[in-house]
Structure formats: C-alpha cells, structure tokens
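**Q** Quick one: this structure, given as structure tokens, is what I'll be asking you about.
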Amino acid sequence: MVLHERWFVDESKFPVQWGTWSSANSLIPVAVAVGITVAATLIYRARGRHHVVPGPIHLGMPWENYVRLLTWVPLVIGVHMGVTLLVSGVSRQLFIPNLVLPVNLLGGLLGMIEIAIALSFIYGALTRPAAAVLAFIWLVGFIVFGPLRLIEHAEILGISFFLYVTTRGPLAFDMALDRLNKPLASLVPSAVPVLRVSLGIALCVVAFTEKIWNIPMGLAFLADHNFNFFPYIGMPQIDDTKFLLIAGTIELLVGLMLVAGTYVRLVILITLIPFNLSLPFLGWRELVGHLPTYGILALLLLWGDERPGEEGALVRALLGKHA
C-alpha cells in the first residue's frame with residue numbers, strides 16, 4: 001500500500017507518534033526492512049550487480065536504439081511533474097493535496113509560480129531556471145509547512161536536480177536557444193542516482209510518518225477505505241493495525257532498496273502492483289499526486305549501465321553520443 005493517507009484524512013488530528021520509536025511495532029519493521037536490504041545488497045554485489053529482471057538491452061533492443069529511447073526521459077519526467085504542478089497551482093495547493101496554500105498574497109504567488117513552472121516543463125521553455133525555482137519553492141514550503149511534510153516528498157527536489165542538469169530534452173522550445181538546451185555534462189552521471197535516492201528517502205520517511213509511527217492515521221484511513229484484503233483470503237488474524245505495519249515495512253524496504261540501488265527493476269515491478277491497485281478507489285487525487293513518481297519509476301525501469309566500462313547509456317543519450 002504505497003500511498004499517502006494524509007491526502008484523505010484530516011492530518012491535524014493525527015500527529016506523528018515519535019514516542020513509539022522504541023516499541024516492538026517500530027523496531028520489528030525496521031529490523032526486517034534493514035535486514036532484507038543488507039542481505040539483498042550483499043548478494044547483488046557478490047553476483048556482480050547482475051539484474052534479476054532484464055533490461056531493454058538483455059531483451060534484445062540494440063544499444064543505439066536504447067540510447068535514443070533514453071533521450072526522451074527528460075520529456076517524460078518534465079511532463080509528469082508539469083501536470084501535477086499545473087493541477088496544484090490552480091487548486092491552491094503546494095505540490096500535494098494536504099499542503100493547502102493560504103488565501104493571501106503568498107499563497108497566490110506560490111500558486112502562480114507553480115503554474116509557470118508547469119508550463120515551462122511541459123513546453124520545454126527555460127527549463128533550467130524553472131527547475132531551480134522548483135527547488136526554491138520546495139524550500140519555501142519547508143519553512144511554511146514544516147520540514148516533515150516536504151521531506152515526505154524529497155523526490156520533488158530530485159526532479160528539480162534532474163531537470164536542471166538534463167533540461168527538458170526533445171521537442172522543447174529551449175532547442176531554439178541552443179545554449180539553454182545543453183545538459184551539464186559533468187553532472188549528468190549523477191542525475192538518475194540523485195533521482196533514485198530522493199525517491200527512496202521519501203518512501204522511507206512516509207513509511208514512518210504515515211504508517212509505522214502513525215497507526216491512528218492509518219486506521220482512520222482504513223475506516224473509509226478498506227484496503228486490508230487479508231481477511232478475505234483466509235487470514236482474519238491480520239487486523240488493520242498489523243496490515244499497516246506490514247504496509248509500512250514494505251514501503252520502508254522499497255525505499256531502502258532504492259537508496260542502496262539494489263535490484264531496482266525487480267523492486268519497481270513488485271511495487272507497481274500495490275501502487276496502481278489503489279487508483280480505481282482513490283481517483284484523480286491519487287493519480288495526479290503520484291504522476292511525478294510514475295515518471296521516476298518508468299525511468300528507473302529503463303535505465304541501467306548496460307555496458308560496464310563504458311559511458312552509461314543516459315550520459316551518451318543526453319550528450320548526443322548515440323554510437
């Protein structure tokens with residue numbers, strides 16, 4: 001259950017229960033998630049980082065075609081982030097539904113800036129300056145709404161860095177201004193790792209703040225949205241509290257695996273099932289809020305250093321080295 005309960009309940013009634021950090025309900029999920037991550041990482045590296053799930057190259061895609069495919073990645077990331085920003089701006093919210101902007105000059109300015117950044121990303125116009133402004137308003141939100149709610153969405157900072165480095169890629173107005181469309185060659189190798197780690201951090205934080213350390217919030221959410229399927233498959237002993245702890249453990253595990261860069265494609269394929277299962281029940285708010293994450297997951301499914309010892313495919317794609 002990789003979703004944000006805050007978007008669907010009155011979060012003011014459910015502060016994070018920091019005092020539960022030393023309880024069994026906290027320590028056991030952490031031990032399980034960390035233990036599996038460490039074991040999987042050791043196995044992954046001992047096997048020479050061999051992927052369980054094959055990438056495009058292993059499925060028969062020619063190297064040149066793979067590199068060309070990756071040239072479209074910034075477009076995908078930019079449009080996904082742009083749509084979320086556009087909806088957020090016109091809805092008077094900062095990035096996500098629970099960060100409601102005040103009805104004053106600051107709220108109006110932040111909403112207007114979101115819309116401007118959205119159009120910049122969608123059209124590919126002045127993408128690098130817009131990416132820098134995105135990071136700036138994330139920091140403004142850090143101050144206005146408190147650090148916790150923004151760290152829960154650290155992937156937005158990752159997207160800001162990614163688009164600042166890569167620009168928006170093909171079919172962009174920036175292509176008319178050659179200098180603005182050039183990726184920052186020295187930072188391109190770091191673009192995807194930063195994106196991957198930022199999403200992993202966000203998932204780890206949410207696992208604690210909305211599940212493991214905030215069982216009351218999860219129970220309130222499940223009271224209106226009964227996603228606990230265990231009783232229906234013959235396991236009635238898994239009540240809603242245990243379901244939330246299992247969900248939090250899985251979310252923490254996914255986040256740690258992404259941060260470690262271990263079996264990334266396998267983790268994403270497994271994650272996509274619960275990630276998408278909630279969409280028919282939670283509707284547009286769930287879809288639009290998670291569009292940037294969908295873009296990142298799509299990139300991580302494709303991306304990999306398919307030729308050890310050579311420049312990575314994304315580096316070659318963005319720098320125009322298709323051969």
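Residues in the structure tokens are named by chain (A, B, ... in the order shown) and by number from 1 within that chain; ligands are numbered from 1 in the order shown.
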Produce a table with one row for each residue of region 137-239 of chain A that has an atom at most 10 Å from any atom of region 246-260 of chain A, each row naming the nearest atom pair and its distance in Å at one decimal; use only C-alpha atoms; arrange rows by chain and rising residue number; format as a Markdown table.

**A**
| residue | atom | partner | partner_atom | distance |
| --- | --- | --- | --- | --- |
| A:Pro193 | CA | A:Val259 | CA | 8.6 |
| A:Val194 | CA | A:Val259 | CA | 9.2 |
| A:Leu195 | CA | A:Val259 | CA | 9.7 |
| A:Arg196 | CA | A:Leu258 | CA | 6.1 |
| A:Val197 | CA | A:Val259 | CA | 4.5 |
| A:Ser198 | CA | A:Val259 | CA | 7.7 |
| A:Leu199 | CA | A:Gly255 | CA | 7.2 |
| A:Gly200 | CA | A:Gly255 | CA | 3.9 |
| A:Ile201 | CA | A:Gly255 | CA | 6.1 |
| A:Ala202 | CA | A:Gly255 | CA | 7.4 |
| A:Leu203 | CA | A:Gly255 | CA | 5.0 |
| A:Cys204 | CA | A:Leu252 | CA | 4.7 |
| A:Val205 | CA | A:Leu252 | CA | 7.9 |
| A:Val206 | CA | A:Glu251 | CA | 7.9 |
| A:Ala207 | CA | A:Gly248 | CA | 4.7 |
| A:Phe208 | CA | A:Gly248 | CA | 6.9 |
| A:Thr209 | CA | A:Gly248 | CA | 9.4 |
| A:Glu210 | CA | A:Gly248 | CA | 8.1 |
| A:Lys211 | CA | A:Gly248 | CA | 5.4 |
| A:Ile212 | CA | A:Gly248 | CA | 5.6 |
| A:Trp213 | CA | A:Gly248 | CA | 9.2 |
| A:Ile215 | CA | A:Gly248 | CA | 9.9 |
| A:Asn228 | CA | A:Ala247 | CA | 9.9 |
| A:Ile238 | CA | A:Ile246 | CA | 9.4 |

**Q** Would you list the contacts of Tyr294 (chain A) as a count of residues only, taking every protein, DNA or RNA residue within 10 Å and counting only C-alpha atoms, but skipping same-chain residues closer than 3 positions in sequence?

**A** 16

**Q** Find the residue from A:Asn226, A:Gly82, A:Leu157, A:Tyr164 that sits nearest to Phe281 (chain A); use only C-alpha atoms when measuring.

**A**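 For Phe281 (chain A), the nearest of the given residues is A:Asn226.
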
**Q** Between A:Pro56, A:Leu69, A:Gly78, A:Phe8, which is the closest to Gly295 (chain A) once you count only C-alpha atoms?

**A**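 Closest to Gly295 (chain A) of all the choices is A:Gly78.
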
**Q** Can you tell me, as a list of chain:residue names, which residues in region 21-54 of chain A count as alpha helix (DSSP H) by DSSP?

**A**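 Answer for region 21-54 of chain A restricted to alpha helix (DSSP H) is A:Ala24, A:Asn25, A:Ser26, A:Leu27, A:Ile28, A:Pro29, A:Val30, A:Ala31, A:Val32, A:Ala33, A:Val34, A:Gly35, A:Ile36, A:Thr37, A:Val38, A:Ala39, A:Ala40, A:Thr41, A:Leu42, A:Ile43, A:Tyr44, A:Arg45, A:Ala46.
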
**Q** Deliver the residues from the most recent selection as a file, using N, CA and C atoms, as a PDB file, in the first residue's frame.

**A**
ATOM      1  N   ALA A  24       7.976  -2.427  19.961  1.00  0.00           N
ATOM      2  CA  ALA A  24       8.145  -3.586  19.084  1.00  0.00           C
ATOM      3  C   ALA A  24       7.534  -3.330  17.712  1.00  0.00           C
ATOM      4  N   ASN A  25       6.412  -2.595  17.685  1.00  0.00           N
ATOM      5  CA  ASN A  25       5.763  -2.290  16.412  1.00  0.00           C
ATOM      6  C   ASN A  25       6.625  -1.406  15.515  1.00  0.00           C
ATOM      7  N   SER A  26       7.615  -0.763  16.103  1.00  0.00           N
ATOM      8  CA  SER A  26       8.550   0.045  15.323  1.00  0.00           C
ATOM      9  C   SER A  26       9.838  -0.716  15.022  1.00  0.00           C
ATOM     10  N   LEU A  27      10.395  -1.343  16.039  1.00  0.00           N
ATOM     11  CA  LEU A  27      11.697  -1.990  15.880  1.00  0.00           C
ATOM     12  C   LEU A  27      11.639  -3.203  14.950  1.00  0.00           C
ATOM     13  N   ILE A  28      10.563  -3.972  15.007  1.00  0.00           N
ATOM     14  CA  ILE A  28      10.475  -5.169  14.157  1.00  0.00           C
ATOM     15  C   ILE A  28      10.410  -4.806  12.678  1.00  0.00           C
ATOM     16  N   PRO A  29       9.542  -3.872  12.242  1.00  0.00           N
ATOM     17  CA  PRO A  29       9.562  -3.479  10.830  1.00  0.00           C
ATOM     18  C   PRO A  29      10.913  -2.945  10.367  1.00  0.00           C
ATOM     19  N   VAL A  30      11.566  -2.144  11.223  1.00  0.00           N
ATOM     20  CA  VAL A  30      12.878  -1.607  10.854  1.00  0.00           C
ATOM     21  C   VAL A  30      13.889  -2.736  10.703  1.00  0.00           C
ATOM     22  N   ALA A  31      13.888  -3.668  11.664  1.00  0.00           N
ATOM     23  CA  ALA A  31      14.837  -4.779  11.604  1.00  0.00           C
ATOM     24  C   ALA A  31      14.617  -5.633  10.361  1.00  0.00           C
ATOM     25  N   VAL A  32      13.346  -5.892  10.037  1.00  0.00           N
ATOM     26  CA  VAL A  32      13.040  -6.707   8.854  1.00  0.00           C
ATOM     27  C   VAL A  32      13.491  -5.994   7.579  1.00  0.00           C
ATOM     28  N   ALA A  33      13.125  -4.721   7.448  1.00  0.00           N
ATOM     29  CA  ALA A  33      13.458  -3.976   6.234  1.00  0.00           C
ATOM     30  C   ALA A  33      14.970  -3.804   6.073  1.00  0.00           C
ATOM     31  N   VAL A  34      15.642  -3.437   7.151  1.00  0.00           N
ATOM     32  CA  VAL A  34      17.098  -3.249   7.073  1.00  0.00           C
ATOM     33  C   VAL A  34      17.794  -4.584   6.821  1.00  0.00           C
ATOM     34  N   GLY A  35      17.342  -5.641   7.497  1.00  0.00           N
ATOM     35  CA  GLY A  35      17.962  -6.956   7.321  1.00  0.00           C
ATOM     36  C   GLY A  35      17.848  -7.457   5.883  1.00  0.00           C
ATOM     37  N   ILE A  36      16.657  -7.349   5.306  1.00  0.00           N
ATOM     38  CA  ILE A  36      16.473  -7.789   3.919  1.00  0.00           C
ATOM     39  C   ILE A  36      17.305  -6.939   2.967  1.00  0.00           C
ATOM     40  N   THR A  37      17.345  -5.636   3.208  1.00  0.00           N
ATOM     41  CA  THR A  37      18.118  -4.750   2.330  1.00  0.00           C
ATOM     42  C   THR A  37      19.601  -5.088   2.378  1.00  0.00           C
ATOM     43  N   VAL A  38      20.133  -5.287   3.574  1.00  0.00           N
ATOM     44  CA  VAL A  38      21.556  -5.616   3.704  1.00  0.00           C
ATOM     45  C   VAL A  38      21.866  -6.940   3.026  1.00  0.00           C
ATOM     46  N   ALA A  39      21.044  -7.950   3.279  1.00  0.00           N
ATOM     47  CA  ALA A  39      21.275  -9.261   2.674  1.00  0.00           C
ATOM     48  C   ALA A  39      21.174  -9.189   1.153  1.00  0.00           C
ATOM     49  N   ALA A  40      20.140  -8.512   0.656  1.00  0.00           N
ATOM     50  CA  ALA A  40      19.958  -8.404  -0.793  1.00  0.00           C
ATOM     51  C   ALA A  40      21.104  -7.638  -1.443  1.00  0.00           C
ATOM     52  N   THR A  41      21.573  -6.592  -0.771  1.00  0.00           N
ATOM     53  CA  THR A  41      22.671  -5.793  -1.325  1.00  0.00           C
ATOM     54  C   THR A  41      23.963  -6.594  -1.382  1.00  0.00           C
ATOM     55  N   LEU A  42      24.236  -7.365  -0.338  1.00  0.00           N
ATOM     56  CA  LEU A  42      25.437  -8.205  -0.343  1.00  0.00           C
ATOM     57  C   LEU A  42      25.373  -9.238  -1.470  1.00  0.00           C
ATOM     58  N   ILE A  43      24.213  -9.862  -1.649  1.00  0.00           N
ATOM     59  CA  ILE A  43      24.052 -10.847  -2.728  1.00  0.00           C
ATOM     60  C   ILE A  43      24.182 -10.174  -4.085  1.00  0.00           C
ATOM     61  N   TYR A  44      23.543  -9.024  -4.234  1.00  0.00           N
ATOM     62  CA  TYR A  44      23.560  -8.277  -5.502  1.00  0.00           C
ATOM     63  C   TYR A  44      24.990  -7.927  -5.912  1.00  0.00           C
ATOM     64  N   ARG A  45      25.771  -7.443  -4.956  1.00  0.00           N
ATOM     65  CA  ARG A  45      27.147  -7.050  -5.281  1.00  0.00           C
ATOM     66  C   ARG A  45      28.059  -8.254  -5.446  1.00  0.00           C
ATOM     67  N   ALA A  46      27.797  -9.309  -4.680  1.00  0.00           N
ATOM     68  CA  ALA A  46      28.617 -10.523  -4.825  1.00  0.00           C
ATOM     69  C   ALA A  46      28.404 -11.163  -6.193  1.00  0.00           C
TER      70      ALA A  46
END

**Q** Do you know which residues are at most 10 Å from Ser91 (chain A) counting only C-alpha atoms, after dropping those on the same chain fewer than 4 positions away, and could you put them as a list in words?

**A**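 In the requested form, the answer reads Leu85, Leu86, Val87, Phe95, Ile96, Pro97, Val100, Leu101 and Gly111 of chain A.
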
**Q** Keeping only C-alpha atoms, write those residues as a PDB file, in the first residue's frame.

**A**
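Output saved as selection-v8.pdb:
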ATOM      1  CA  LEU A  85       2.245  21.374 -10.706  1.00  0.00           C
ATOM      2  CA  LEU A  86      -0.454  22.721 -13.012  1.00  0.00           C
ATOM      3  CA  VAL A  87      -3.246  20.998 -11.084  1.00  0.00           C
ATOM      4  CA  PHE A  95       2.596  20.131  -4.844  1.00  0.00           C
ATOM      5  CA  ILE A  96       0.198  17.824  -2.962  1.00  0.00           C
ATOM      6  CA  PRO A  97      -3.380  17.890  -1.606  1.00  0.00           C
ATOM      7  CA  VAL A 100      -3.143  23.878   1.132  1.00  0.00           C
ATOM      8  CA  LEU A 101      -1.856  27.349   0.324  1.00  0.00           C
ATOM      9  CA  GLY A 111       0.278  29.019  -6.936  1.00  0.00           C
TER      10      GLY A 111
END

**Q** Could you list, as JSON, numbers by chain, every residue within 10 Å of region 216-224 of chain A, counting only C-alpha atoms and ignoring same-chain residues fewer than 3 positions away?

**A** {"A": [4, 5, 6, 7, 8, 9, 10, 11, 12, 13, 14, 15, 16, 17, 209, 210, 211, 212, 213, 227, 228, 240, 241, 243, 244, 245]}

**Q** For Ala125 (chain A), which residue among A:Asn181, A:Ser88, A:Thr71, A:Gln237 is the nearest when counting only C-alpha atoms?

**A** A:Asn181

**Q** In Å to one decimal, how far is CA of Val73 (chain A) from CA of Leu302 (chain A)?

**A**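 Between CA of Leu302 (chain A) and CA of Val73 (chain A) the gap works out to 9.3 Å.
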
**Q** My list of candidates is A:Arg168, A:Leu282, A:Pro62, A:Phe161. Which is closest to Leu187 (chain A) when distances are computed with only C-alpha atoms?

**A** A:Phe161

**Q** Would you mind reading off the distance between CA of Ile151 (chain A) and CA of Leu163 (chain A), one decimal, in Å?

**A**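 Between these atoms lies a distance of 19.1 Å.
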